[in-house]
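Colleague: Dropping in data_31.txt, which is compact mmCIF, C-alpha atoms and all ligand atoms:
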```txt
# COMPACT_ATOMS: atom_id res chain seq x y z
CA MET A 1 0.00 0.00 0.00
CA PRO A 2 1.70 3.25 -1.11
CA ASP A 3 2.39 5.89 1.52
CA PRO A 4 -0.51 8.42 1.30
CA GLU A 5 1.76 11.42 1.93
CA ARG A 6 4.16 10.43 -0.83
CA LEU A 7 1.23 9.69 -3.11
CA SER A 8 -0.24 13.12 -2.51
CA ARG A 9 3.16 14.73 -3.17
CA LEU A 10 3.55 12.72 -6.37
CA VAL A 11 0.12 13.80 -7.65
CA ASN A 12 0.88 17.45 -6.87
CA GLU A 13 4.26 17.26 -8.58
CA LEU A 14 2.89 15.41 -11.62
CA SER A 15 0.20 18.10 -11.98
CA SER A 16 2.65 20.98 -11.48
CA ASP A 17 4.07 21.21 -15.00
CA PRO A 18 2.18 20.61 -18.29
CA ARG A 19 5.44 19.34 -19.81
CA TYR A 20 5.13 16.20 -17.65
CA VAL A 21 1.82 15.61 -19.43
CA SER A 22 3.14 16.34 -22.93
CA GLY A 23 6.33 14.37 -22.33
CA GLN A 24 8.53 17.39 -23.12
CA LYS A 25 10.11 17.23 -19.67
CA ARG A 26 11.22 14.12 -17.83
CA PHE A 27 9.60 13.71 -14.41
CA PRO A 28 12.43 13.60 -11.85
CA LEU A 29 10.88 11.12 -9.38
CA ALA A 30 10.31 7.40 -9.80
CA VAL A 31 6.67 6.28 -9.84
CA SER A 32 6.22 2.65 -8.81
CA ASP A 33 3.59 0.33 -10.31
CA GLY A 34 1.81 0.34 -6.92
CA GLU A 35 1.71 4.16 -6.89
CA ALA A 36 0.40 4.27 -10.47
CA VAL A 37 -2.32 1.77 -9.50
CA ALA A 38 -3.24 3.82 -6.41
CA ILE A 39 -3.53 6.99 -8.55
CA ALA A 40 -5.79 5.15 -11.03
CA GLU A 41 -7.91 3.84 -8.15
CA ALA A 42 -8.33 7.27 -6.54
CA LEU A 43 -9.28 8.91 -9.84
CA SER A 44 -11.66 6.10 -10.66
CA GLU A 45 -13.45 6.50 -7.31
CA GLU A 46 -13.68 10.26 -7.80
CA PHE A 47 -15.00 9.72 -11.32
CA GLU A 48 -17.58 7.23 -10.09
CA GLU A 49 -18.96 9.89 -7.71
CA GLY A 50 -19.22 12.24 -10.69
CA VAL A 51 -21.06 9.57 -12.68
CA THR A 52 -23.53 9.17 -9.80
CA GLN A 53 -24.10 12.93 -9.74
CA ARG A 54 -24.62 12.89 -13.51
CA ALA A 55 -27.27 10.19 -13.17
CA ALA A 56 -28.95 12.23 -10.39
CA GLN A 57 -28.99 15.32 -12.62
CA ALA A 58 -30.52 13.30 -15.46
CA ALA A 59 -33.23 12.03 -13.09
CA ARG A 60 -33.97 15.61 -11.92
CA GLN A 61 -34.45 16.57 -15.58
CA GLY A 62 -36.85 13.68 -16.04
CA LEU A 63 -34.33 11.81 -18.22
CA SER A 64 -33.47 8.19 -17.84
CA ILE A 65 -30.07 6.62 -18.40
CA HIS A 66 -30.65 3.36 -20.22
CA CYS A 67 -27.37 1.59 -19.23
CA HIS A 68 -27.83 -1.59 -17.23
CA ALA A 69 -26.08 -4.89 -16.63
CA GLY A 70 -26.13 -7.05 -19.73
CA CYS A 71 -26.44 -4.05 -22.10
CA THR A 72 -23.20 -4.44 -24.03
CA ALA A 73 -23.33 -2.82 -27.48
CA CYS A 74 -20.78 -0.25 -26.31
CA CYS A 75 -18.34 -3.09 -25.49
CA ASN A 76 -17.77 -3.50 -29.25
CA VAL A 77 -15.86 -0.23 -29.27
CA LEU A 78 -12.07 -0.30 -29.38
CA VAL A 79 -11.70 0.85 -25.76
CA SER A 80 -8.42 2.43 -24.84
CA CYS A 81 -6.83 3.16 -21.51
CA TYR A 82 -3.71 4.62 -19.96
CA LEU A 83 -0.87 2.80 -18.26
CA PRO A 84 -2.09 3.40 -14.66
CA GLU A 85 -5.46 1.88 -15.63
CA SER A 86 -3.96 -1.19 -17.32
CA LEU A 87 -1.61 -1.71 -14.36
CA ARG A 88 -4.65 -1.57 -12.07
CA ILE A 89 -6.54 -4.14 -14.15
CA ALA A 90 -3.49 -6.44 -14.28
CA ALA A 91 -3.05 -6.14 -10.49
CA PHE A 92 -6.76 -7.00 -10.05
CA LEU A 93 -6.44 -10.05 -12.30
CA ASN A 94 -3.29 -11.24 -10.54
CA GLN A 95 -5.20 -11.65 -7.28
CA PRO A 96 -5.68 -15.36 -6.53
CA GLU A 97 -9.47 -14.92 -6.31
CA GLN A 98 -9.54 -13.61 -9.91
CA ALA A 99 -7.64 -16.61 -11.32
CA GLU A 100 -10.64 -17.82 -13.34
CA VAL A 101 -11.36 -14.38 -14.76
CA LYS A 102 -7.70 -13.98 -15.70
CA ALA A 103 -7.59 -17.42 -17.35
CA ALA A 104 -10.77 -16.65 -19.30
CA PHE A 105 -9.29 -13.39 -20.58
CA LEU A 106 -5.97 -15.01 -21.54
CA ALA A 107 -7.90 -17.73 -23.38
CA ALA A 108 -10.18 -15.24 -25.18
CA TYR A 109 -7.45 -12.78 -26.16
CA PRO A 110 -5.75 -14.62 -29.10
CA ALA A 111 -9.02 -14.96 -31.04
CA TRP A 112 -9.92 -11.35 -30.20
CA LYS A 113 -6.52 -10.10 -31.39
CA GLN A 114 -6.69 -12.17 -34.55
CA ARG A 115 -10.02 -10.58 -35.49
CA ALA A 116 -8.96 -7.10 -34.36
CA GLY A 117 -5.76 -7.37 -36.45
CA SER A 118 -3.50 -4.35 -36.29
CA ALA A 119 -6.39 -1.91 -35.70
CA PRO A 120 -5.56 -1.41 -31.98
CA GLU A 121 -1.95 -0.45 -32.70
CA GLN A 122 -2.84 1.65 -35.78
CA ALA A 123 -5.54 3.50 -33.88
CA MET A 124 -3.24 4.35 -30.99
CA THR A 125 -0.45 5.48 -33.35
CA ALA A 126 -2.91 7.75 -35.16
CA PHE A 127 -4.17 9.10 -31.82
CA ALA A 128 -0.66 9.75 -30.50
CA SER A 129 0.32 11.64 -33.65
CA GLY A 130 -2.88 13.71 -33.71
CA GLN A 131 -4.31 12.11 -36.89
CA GLN A 132 -7.88 12.35 -35.69
CA ALA A 133 -9.54 11.48 -39.04
CA THR A 134 -7.42 8.32 -39.37
CA TYR A 135 -8.13 7.40 -35.75
CA ASP A 136 -11.89 7.89 -36.28
CA ALA A 137 -11.86 5.74 -39.45
CA ILE A 138 -10.00 2.86 -37.74
CA HIS A 139 -12.27 3.15 -34.72
CA LEU A 140 -15.42 3.01 -36.86
CA ALA A 141 -14.15 0.04 -38.92
CA HIS A 142 -13.43 -1.85 -35.69
CA PHE A 143 -16.84 -0.94 -34.26
CA ARG A 144 -18.51 -2.26 -37.44
CA GLN A 145 -16.87 -5.64 -36.87
CA ALA A 146 -19.06 -6.04 -33.76
CA LEU A 147 -16.14 -7.70 -32.01
CA PRO A 148 -16.82 -7.69 -28.26
CA CYS A 149 -14.06 -6.65 -25.87
CA ALA A 150 -12.07 -9.70 -24.69
CA PHE A 151 -13.13 -8.86 -21.11
CA LEU A 152 -16.79 -9.39 -21.95
CA ALA A 153 -17.79 -12.81 -20.63
CA ASP A 154 -21.35 -14.17 -20.62
CA GLY A 155 -22.69 -10.71 -21.40
CA ARG A 156 -20.96 -9.09 -18.42
CA CYS A 157 -17.78 -7.07 -17.95
CA SER A 158 -15.42 -9.44 -16.12
CA ILE A 159 -13.33 -6.54 -14.76
CA TYR A 160 -16.25 -4.28 -13.87
CA PRO A 161 -14.82 -2.91 -10.56
CA VAL A 162 -11.60 -1.82 -12.30
CA ARG A 163 -12.85 -1.00 -15.82
CA PRO A 164 -11.28 2.05 -17.46
CA LEU A 165 -12.69 5.57 -17.23
CA GLY A 166 -13.74 5.37 -20.89
CA CYS A 167 -16.16 2.57 -20.01
CA ARG A 168 -17.40 4.41 -16.90
CA ASN A 169 -18.06 7.51 -18.98
CA ALA A 170 -20.10 5.76 -21.69
CA HIS A 171 -23.84 6.20 -21.22
CA ALA A 172 -26.98 6.71 -23.25
CA LEU A 173 -30.41 8.14 -22.58
CA ASP A 174 -33.60 6.12 -23.10
CA THR A 175 -32.34 3.53 -25.58
CA ALA A 176 -29.32 1.50 -26.67
CA GLU A 177 -30.46 1.74 -30.31
CA HIS A 178 -27.86 4.39 -31.05
CA CYS A 179 -24.98 2.58 -29.31
CA VAL A 180 -23.93 0.94 -32.57
CA ALA A 181 -21.46 1.74 -35.32
CA ASP A 182 -24.16 2.90 -37.74
CA PRO A 183 -26.96 4.30 -35.55
CA PRO A 184 -30.42 5.19 -36.87
CA GLY A 185 -30.29 8.55 -38.63
CA GLY A 186 -26.52 8.64 -38.05
CA LYS A 187 -27.24 10.03 -34.58
CA PRO A 188 -24.94 9.04 -31.70
CA PRO A 189 -26.51 8.12 -28.33
CA GLN A 190 -27.94 11.04 -26.40
CA ALA A 191 -25.91 11.79 -23.31
CA VAL A 192 -25.99 14.10 -20.29
CA GLU A 193 -23.31 16.74 -20.05
CA LEU A 194 -22.21 17.53 -16.49
CA ILE A 195 -19.31 19.97 -16.57
CA PRO A 196 -17.60 18.75 -13.35
CA VAL A 197 -17.53 15.22 -14.80
CA SER A 198 -16.04 16.43 -18.09
CA ARG A 199 -13.41 18.41 -16.16
CA LEU A 200 -12.64 15.43 -13.99
CA LEU A 201 -12.15 13.25 -17.06
CA GLN A 202 -9.81 15.84 -18.51
CA ARG A 203 -7.80 16.08 -15.26
CA ALA A 204 -7.61 12.29 -14.94
CA THR A 205 -6.46 11.97 -18.55
CA GLN A 206 -3.71 14.52 -17.97
CA LEU A 207 -2.56 12.83 -14.78
CA PHE A 208 -2.59 9.40 -16.46
CA HIS A 209 -0.50 10.83 -19.28
CA ALA A 210 1.98 12.31 -16.80
CA VAL A 211 2.27 8.97 -14.94
CA HIS A 212 2.74 7.16 -18.27
CA ASN A 213 5.54 9.55 -19.25
CA ALA A 214 7.17 9.21 -15.82
CA LYS A 215 7.24 5.42 -16.13
CA SER A 216 7.83 4.81 -19.82
CA ARG A 217 9.79 6.25 -22.70
CA GLU A 218 7.26 4.81 -25.14
CA ARG A 219 5.51 7.68 -26.90
CA HIS A 220 1.99 6.27 -26.90
CA GLY A 221 0.03 7.51 -23.94
CA GLN A 222 -2.91 5.24 -24.66
CA LYS A 223 -3.38 1.62 -25.65
CA SER A 224 -6.26 -0.72 -26.32
CA VAL A 225 -7.28 -2.04 -22.91
CA CYS A 226 -7.15 -5.65 -24.12
CA VAL A 227 -3.69 -5.28 -25.68
CA ALA A 228 -2.25 -3.34 -22.75
CA VAL A 229 -3.45 -5.78 -20.08
CA TYR A 230 -2.45 -8.84 -22.11
CA GLU A 231 1.07 -7.43 -22.48
CA LEU A 232 1.31 -6.78 -18.74
CA LEU A 233 0.01 -10.23 -17.81
CA THR A 234 2.39 -12.03 -20.15
CA ARG A 235 5.53 -9.93 -19.75
CA PRO A 236 8.53 -11.75 -18.25
CA PRO A 237 8.76 -11.35 -14.47
CA ARG A 238 10.93 -8.43 -13.37
CA ARG A 239 14.08 -9.19 -11.39
S1 LIG B 301 -23.79 3.06 -23.46
FE1 LIG B 301 -25.44 2.11 -24.67
S2 LIG B 301 -24.83 -0.03 -25.01
FE2 LIG B 301 -23.56 0.81 -23.37
S3 LIG B 301 -24.63 0.19 -21.48
FE3 LIG B 301 -25.33 2.26 -22.01
S4 LIG B 301 -27.19 1.99 -23.22
FE4 LIG B 301 -26.11 0.00 -23.16
S1 LIG B 302 -13.60 -3.30 -20.13
FE1 LIG B 302 -15.63 -4.10 -19.57
S2 LIG B 302 -17.06 -2.38 -19.83
FE2 LIG B 302 -15.16 -1.87 -20.92
S3 LIG B 302 -15.49 -2.53 -23.04
FE3 LIG B 302 -14.48 -4.24 -21.97
S4 LIG B 302 -16.16 -5.53 -21.22
FE4 LIG B 302 -17.05 -3.55 -21.76
```
Using the file provided, produce a representation of the structure as structure tokens.
Ligand code: SF4
Ligand code: SF4

Modeller:
Amino acid sequence: MPDPERLSRLVNELSSDPRYVSGQKRFPLAVSDGEAVAIAEALSEEFEEGVTQRAAQAARQGLSIHCHAGCTACCNVLVSCYLPESLRIAAFLNQPEQAEVKAAFLAAYPAWKQRAGSAPEQAMTAFASGQQATYDAIHLAHFRQALPCAFLADGRCSIYPVRPLGCRNAHALDTAEHCVADPPGGKPPQAVELIPVSRLLQRATQLFHAVHNAKSRERHGQKSVCVAVYELLTRPPRR
């Protein structure tokens, strides 16, 4: 369990200079895997509170959020995450009580990756180099494949407690009809905008980027959640 005081100092330092986020300046302190996981956990909890407030606001406006267990069309999206989030998922799966979930993911991944092809890597390269149109095209082509995330098992997210912020943020009003690659009328799902939640997502993204840059010299700040976690689970043990 990371020391809370050091964790708080790390977060303050990581947030103190935008160049830690952009990667233009090397962060001077070491950030351990455990600290990265703790940062992801804290941000995820904060985000979850925001999501609850967003649902409450929708209810006050007489709107209803359609999302419920077993509603999974959005799990066909090429979901990406940042290093602290993938480390958190890997740590979750490495717990002895998650052995079955981990084994199911490791068994499902090769077929998922074969069907996904190089789209996850191409999408993240396009994203990292700011080629938004290319990223959108790859994303849409993947979505049209209707290939469920390799963490989806029996119609449920097998890593629900530690799923990435992207999955926590996805929601739709009234119907899941528009949660598909080619929605009726070309209209995306209707969503509720709550400014504190959007700001929180932006802050979390920046902090995740800064942690990524502090821990890795790899340029990509984001990876497909399936690819990132598979790589972490199958990497050789560190000495
Ligand atoms: S975002 Fe759409 S597909 Fe996903 S849970 Fe909500 S209603 Fe269902
Ligand atoms: S991580 Fe879970 S919620 Fe997110 S896309 Fe995969 S199965 Fe769906």

Colleague: Given a cut-off of 6 Å, what residues near ligand LIG 302 (chain B) show up using all atoms listed in the file, put as a PyMOL selection string?

Modeller: chain A and resi 75+79+149+151-152+157+159-160+163+167

Colleague: In Å, how far is it from atom CA of A:Ala103 to atom CA of A:Glu85?

Modeller: 19.5 Å

Colleague: Write as a PDB file with C-alpha atoms, keeping the file's coordinate frame the residues around ligand LIG 301 (chain B), taking 6 Å as the cut-off and counting all atoms listed in the file.

Modeller:
```pdb
ATOM      1  CA  HIS A  66     -30.650   3.360 -20.220  1.00  0.00           C
ATOM      2  CA  CYS A  67     -27.370   1.590 -19.230  1.00  0.00           C
ATOM      3  CA  HIS A  68     -27.830  -1.590 -17.230  1.00  0.00           C
ATOM      4  CA  CYS A  71     -26.440  -4.050 -22.100  1.00  0.00           C
ATOM      5  CA  THR A  72     -23.200  -4.440 -24.030  1.00  0.00           C
ATOM      6  CA  ALA A  73     -23.330  -2.820 -27.480  1.00  0.00           C
ATOM      7  CA  CYS A  74     -20.780  -0.250 -26.310  1.00  0.00           C
ATOM      8  CA  ALA A 170     -20.100   5.760 -21.690  1.00  0.00           C
ATOM      9  CA  HIS A 171     -23.840   6.200 -21.220  1.00  0.00           C
ATOM     10  CA  ALA A 172     -26.980   6.710 -23.250  1.00  0.00           C
ATOM     11  CA  THR A 175     -32.340   3.530 -25.580  1.00  0.00           C
ATOM     12  CA  ALA A 176     -29.320   1.500 -26.670  1.00  0.00           C
ATOM     13  CA  CYS A 179     -24.980   2.580 -29.310  1.00  0.00           C
TER      14      CYS A 179
END
```

Colleague: So, counting only C-alpha atoms, which residue among A:Ser64, A:Leu78, A:Val162, A:Ala38 is closest to A:Pro4?

Modeller: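 Closest residue, counting only C-alpha atoms: A:Ala38.
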
Colleague: Out of A:Val197, A:Ala99, A:Ser15, A:Val77, which residue has the shortest atom-to-atom distance to A:Ala141 when counting only C-alpha atoms?

Modeller: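 Ranked by minimum distance to A:Ala141, first place goes to A:Val77.
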
Colleague: Please write as a JSON list (two decimals) with C-alpha atoms, in the frame of the given file the list of polymer residues whose atoms come within 12 Å of (-5.5, 9.8, -33.6), counting all atoms listed in the file and keeping to the coordinates of the file.

Modeller:
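Everything below was put into part_16.json:
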```
[["chain", "number", "residue", "atom", "x", "y", "z"],
["A", 80, "SER", "CA", -8.42, 2.43, -24.84],
["A", 119, "ALA", "CA", -6.39, -1.91, -35.70],
["A", 120, "PRO", "CA", -5.56, -1.41, -31.98],
["A", 121, "GLU", "CA", -1.95, -0.45, -32.70],
["A", 122, "GLN", "CA", -2.84, 1.65, -35.78],
["A", 123, "ALA", "CA", -5.54, 3.50, -33.88],
["A", 124, "MET", "CA", -3.24, 4.35, -30.99],
["A", 125, "THR", "CA", -0.45, 5.48, -33.35],
["A", 126, "ALA", "CA", -2.91, 7.75, -35.16],
["A", 127, "PHE", "CA", -4.17, 9.10, -31.82],
["A", 128, "ALA", "CA", -0.66, 9.75, -30.50],
["A", 129, "SER", "CA", 0.32, 11.64, -33.65],
["A", 130, "GLY", "CA", -2.88, 13.71, -33.71],
["A", 131, "GLN", "CA", -4.31, 12.11, -36.89],
["A", 132, "GLN", "CA", -7.88, 12.35, -35.69],
["A", 133, "ALA", "CA", -9.54, 11.48, -39.04],
["A", 134, "THR", "CA", -7.42, 8.32, -39.37],
["A", 135, "TYR", "CA", -8.13, 7.40, -35.75],
["A", 136, "ASP", "CA", -11.89, 7.89, -36.28],
["A", 137, "ALA", "CA", -11.86, 5.74, -39.45],
["A", 138, "ILE", "CA", -10.00, 2.86, -37.74],
["A", 139, "HIS", "CA", -12.27, 3.15, -34.72],
["A", 220, "HIS", "CA", 1.99, 6.27, -26.90],
["A", 221, "GLY", "CA", 0.03, 7.51, -23.94],
["A", 222, "GLN", "CA", -2.91, 5.24, -24.66],
["A", 223, "LYS", "CA", -3.38, 1.62, -25.65]]
```

Colleague: Counting only C-alpha atoms, find residues at most 10 Å from (1.6, -6.4, -18.1) (file frame) and give them as a PyMOL selection string.

Modeller: chain A and resi 83+86-91+227-237

Colleague: Just the selected residues (C-alpha atoms), exported as a compact mmCIF listing (two decimals), in the frame of the given file, please.

Modeller:
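What landed in again.txt:
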```txt
# COMPACT_ATOMS: atom_id res chain seq x y z
CA LEU A 83 -0.87 2.80 -18.26
CA SER A 86 -3.96 -1.19 -17.32
CA LEU A 87 -1.61 -1.71 -14.36
CA ARG A 88 -4.65 -1.57 -12.07
CA ILE A 89 -6.54 -4.14 -14.15
CA ALA A 90 -3.49 -6.44 -14.28
CA ALA A 91 -3.05 -6.14 -10.49
CA VAL A 227 -3.69 -5.28 -25.68
CA ALA A 228 -2.25 -3.34 -22.75
CA VAL A 229 -3.45 -5.78 -20.08
CA TYR A 230 -2.45 -8.84 -22.11
CA GLU A 231 1.07 -7.43 -22.48
CA LEU A 232 1.31 -6.78 -18.74
CA LEU A 233 0.01 -10.23 -17.81
CA THR A 234 2.39 -12.03 -20.15
CA ARG A 235 5.53 -9.93 -19.75
CA PRO A 236 8.53 -11.75 -18.25
CA PRO A 237 8.76 -11.35 -14.47
```

Colleague: Write out as a list in words the residues lying within 10 Å of A:Leu7, counting only C-alpha atoms and excluding same-chain residues fewer than 3 positions away.

Modeller: Pro2, Asp3, Pro4, Leu10, Val11, Asn12, Glu13, Val31, Glu35, Ala36, Ala38 and Ile39 of chain A

Colleague: From the list A:Cys81, A:Gly34, A:Val101, A:Pro28, which residue is nearest A:Val225 when using all atoms listed in the file?

Modeller: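 Among the listed residues, the smallest separation from A:Val225 belongs to A:Cys81.
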
Colleague: Leaving out A:Asn213 and any residue of its chain fewer than 3 positions from it, which residues lie within 7 Å of it when counting only C-alpha atoms, given as a ChimeraX atom specification?

Modeller: /A:20,23,209-210,216-217

Colleague: What does the distance between atom CA of A:Ala214 and atom CA of A:Phe27 come to in Å, to one decimal place?

Modeller: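 Between atom CA of A:Ala214 and atom CA of A:Phe27 the gap works out to 5.3 Å.
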
Colleague: Report, as AutoDock Vina command-line options, the centre and edge lengths in Å (one decimal) of the axis-aligned box enclosing every listed atom of stretch 71-80 of chain A, padded by 6 Å on each side.

Modeller:
```
--center_x -17.4 --center_y -1.0 --center_z -25.7 --size_x 30.0 --size_y 18.9 --size_z 19.3
```

Colleague: Quick one: distance from atom CA of A:Pro196 to atom CA of A:Ala58 in Å, one decimal?

Modeller: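 Value for the atom CA of A:Pro196-atom CA of A:Ala58 distance: 14.2 Å.
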
Colleague: Between A:Ala108, A:Leu43, A:Glu48, A:Leu201, which is the closest to A:Ala153 once you count only C-alpha atoms?

Modeller: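 Ranking A:Ala108, A:Leu43, A:Glu48, A:Leu201 by distance to A:Ala153, first place goes to A:Ala108.
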
Colleague: Of the residues A:Pro18, A:Pro84, A:Pro183, A:Pro96, which is the one nearest to A:Lys215, using only C-alpha atoms?

Modeller: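 Nearest candidate to A:Lys215 out of A:Pro18, A:Pro84, A:Pro183, A:Pro96: A:Pro84.
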